[in-house]
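Enquirer: After the structure tokens below, expect a handful of questions from me.
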Amino acid sequence: TYAVLKEGLISGAFMPGEVFVIRTLAQRYGISTTPVREALQRLVAEHLLVMKLNNRSIMVPTLSPAKFSELYRIRCELEGLAGELATHHLRSADHARLDKTLDAIDKAVQRKDRTNYRRLNQSFHFTIYEKANAPQLLEMIENLWGCVAPIFNGLFDDPEYDEHANMHHREIVRALRDKNPKEV
């Protein structure tokens, strides 16, 4: 239950401010309320969810601009490090997978398919991060994505977003092909 809910946060399947109802989640996943309660408490302890003190409801946090800015800076450093470490570990099959993902992202952007875009974007990035061969770093990145991914739901609210939605991905792939860790 914990893994499923955490993956939902990382993938942006939940919206900022969304409240989790234990019984509803238990019914959705066909399990009792105890593992749901324990998973939610663990996610609150990890700061991926927040508990409202007034009614003890558990929800996906909304991020202030200052909090988002802080997380963005941390993500840039950690994800950049993962990209650098992964550069020399990617093989031709990995490059082919990234190319295929880039093409699929272009199609999702054209269709304004937010759900598929989020899934493909996550796949693109984590294909690289997993090749860093740094499990602790990967866990930190996953936790950061769990904090910010719900905001990814609003990317296409910016009418100019689709113009550059895949541009940086292509620059990353180019740097990976050139075996240029700093550029990645």
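Order determines the names: the first chain of the structure tokens is A, the second B, and so forth; residues in each chain are numbered 1 upward, and ligands are numbered 1 upward as they are shown.
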If you run DSSP on this backbone, which residues of chain A come out as strand (DSSP E), and could you give them as a PyMOL selection string?

Expert: chain A and resi 19-20+50-51+58-59

Enquirer: Excluding same-chain residues fewer than 5 positions from Thr34 (chain A), what lies within 10 Å of it counting only C-alpha atoms, as a list in words?

Expert: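 Within the cut-off, the hits are Ile22, Arg23, Ala26, Ala39 and Leu40 of chain A.
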
Enquirer: Save out the residues we just selected, N, CA, C and O atoms, as an mmCIF file, in the first residue's frame.

Expert:
data_model
loop_
_atom_site.group_PDB
_atom_site.id
_atom_site.type_symbol
_atom_site.label_atom_id
_atom_site.label_comp_id
_atom_site.auth_asym_id
_atom_site.auth_seq_id
_atom_site.Cartn_x
_atom_site.Cartn_y
_atom_site.Cartn_z
ATOM 1 N N ILE A 22 -9.339 7.099 4.202
ATOM 2 C CA ILE A 22 -8.815 5.752 4.435
ATOM 3 C C ILE A 22 -9.754 4.686 3.888
ATOM 4 O O ILE A 22 -9.322 3.774 3.175
ATOM 5 N N ARG A 23 -11.034 4.788 4.182
ATOM 6 C CA ARG A 23 -11.989 3.761 3.717
ATOM 7 C C ARG A 23 -12.048 3.709 2.190
ATOM 8 O O ARG A 23 -12.119 2.634 1.596
ATOM 9 N N ALA A 26 -8.946 2.025 0.908
ATOM 10 C CA ALA A 26 -9.010 0.588 1.204
ATOM 11 C C ALA A 26 -9.917 -0.117 0.198
ATOM 12 O O ALA A 26 -9.567 -1.196 -0.305
ATOM 13 N N ALA A 39 0.318 3.184 5.898
ATOM 14 C CA ALA A 39 1.016 3.769 4.745
ATOM 15 C C ALA A 39 0.884 5.293 4.761
ATOM 16 O O ALA A 39 1.866 6.009 4.527
ATOM 17 N N LEU A 40 -0.309 5.784 5.047
ATOM 18 C CA LEU A 40 -0.518 7.234 5.096
ATOM 19 C C LEU A 40 0.305 7.867 6.208
ATOM 20 O O LEU A 40 0.919 8.932 6.017
#

Enquirer: Among region 9-121 of chain A, which ones does DSSP assign to alpha helix (DSSP H) (computed from the backbone)? Answer as a PyMOL selection string.

Expert: chain A and resi 9-11+22-29+33-45+65-86+92-111+114-121

Enquirer: Just the residues within 8 Å of region 170-172 of chain A, please, counting only C-alpha atoms, with nothing from its chain fewer than 2 positions along; format it as a list in words.

Expert: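 In the requested form, the answer reads Leu102, Asn166, Met167, His168, Arg174, Ala175, Leu176, Glu183 and Val184 of chain A.
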
Enquirer: Give me the residues near Thr127 (chain A) as number ranges by chain, where near means some atom within 12 Å (using only C-alpha atoms) and where sequence neighbours in that chain fewer than 6 positions away do not count.

Expert: A: 79, 82-83, 86-87, 89-91, 93-101, 120-121, 133, 138, 173

Enquirer: For a quick check of understanding, using only C-alpha atoms, which of A:Pro61, A:Leu144, A:Asp103, A:Lys131 has the smallest distance to His88 (chain A)?

Expert: A:Lys131

Enquirer: Near Gln122 (chain A), counting only C-alpha atoms, which residues have an atom at most 9 Å away, once you skip same-chain residues fewer than 4 positions from it, shown as a list of chain:residue names?

Expert: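 Close residues of Gln122 (chain A): A:Ile10, A:Ser11, A:Tyr117, A:Arg118, A:Phe126, A:Thr127.
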
Enquirer: Any chance you could export the current selection's N, CA, C and O atoms as a compact mmCIF listing (two decimals), in the first residue's frame?

Expert:
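Written output follows (part.txt):
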# COMPACT_ATOMS: atom_id res chain seq x y z
N ILE A 10 4.73 10.22 -6.74
CA ILE A 10 5.86 10.46 -7.64
C ILE A 10 5.38 10.68 -9.07
O ILE A 10 5.92 11.51 -9.79
N SER A 11 4.37 9.97 -9.46
CA SER A 11 3.88 10.07 -10.84
C SER A 11 2.92 11.24 -11.05
O SER A 11 2.53 11.53 -12.17
N TYR A 117 1.76 12.24 -20.53
CA TYR A 117 2.96 13.07 -20.46
C TYR A 117 3.67 12.87 -19.12
O TYR A 117 4.88 12.68 -19.09
N ARG A 118 2.92 12.93 -18.01
CA ARG A 118 3.53 12.75 -16.69
C ARG A 118 4.21 11.39 -16.58
O ARG A 118 5.33 11.27 -16.09
N PHE A 126 13.70 8.76 -14.83
CA PHE A 126 14.14 7.65 -13.98
C PHE A 126 14.93 6.59 -14.75
O PHE A 126 15.72 5.87 -14.15
N THR A 127 14.78 6.53 -16.08
CA THR A 127 15.66 5.68 -16.88
C THR A 127 17.11 6.13 -16.67
O THR A 127 18.02 5.32 -16.52

Enquirer: So that I can check the surroundings of Arg111 (chain A), please list as a list in words every protein, DNA and RNA residue that reaches within 12 Å of it, counting only C-alpha atoms and ignoring chain neighbours fewer than 6 positions away.

Expert: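 Counting only the stated atoms, we get Ala104, Ile105, Tyr117, Phe156 and Asp162 of chain A.
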
Enquirer: Go through region 89-183 of chain A residue by residue and, counting only C-alpha atoms, keep those with an atom at most 12 Å from region 43-55 of chain A; for each kept residue give the shortest atom pair and its distance in Å to one decimal, ordered by chain and increasing number, as a tab-separated table.

Expert:
residue	atom	partner	partner_atom	distance
A:Glu139	CA	A:Glu46	CA	11.8
A:Met140	CA	A:Glu46	CA	11.0
A:Glu142	CA	A:Leu48	CA	10.5
A:Asn143	CA	A:Leu48	CA	7.3
A:Leu144	CA	A:Leu48	CA	8.5
A:Trp145	CA	A:Leu48	CA	9.3
A:Gly146	CA	A:Leu48	CA	6.0
A:Cys147	CA	A:Leu48	CA	5.5
A:Val148	CA	A:Leu48	CA	9.1
A:Ala149	CA	A:Leu48	CA	10.5
A:Pro150	CA	A:Leu48	CA	10.5

Enquirer: When you draw a straight line from CA of Thr62 (chain A) to CA of Asn153 (chain A), how long is it in Å?

Expert: 12.3 Å
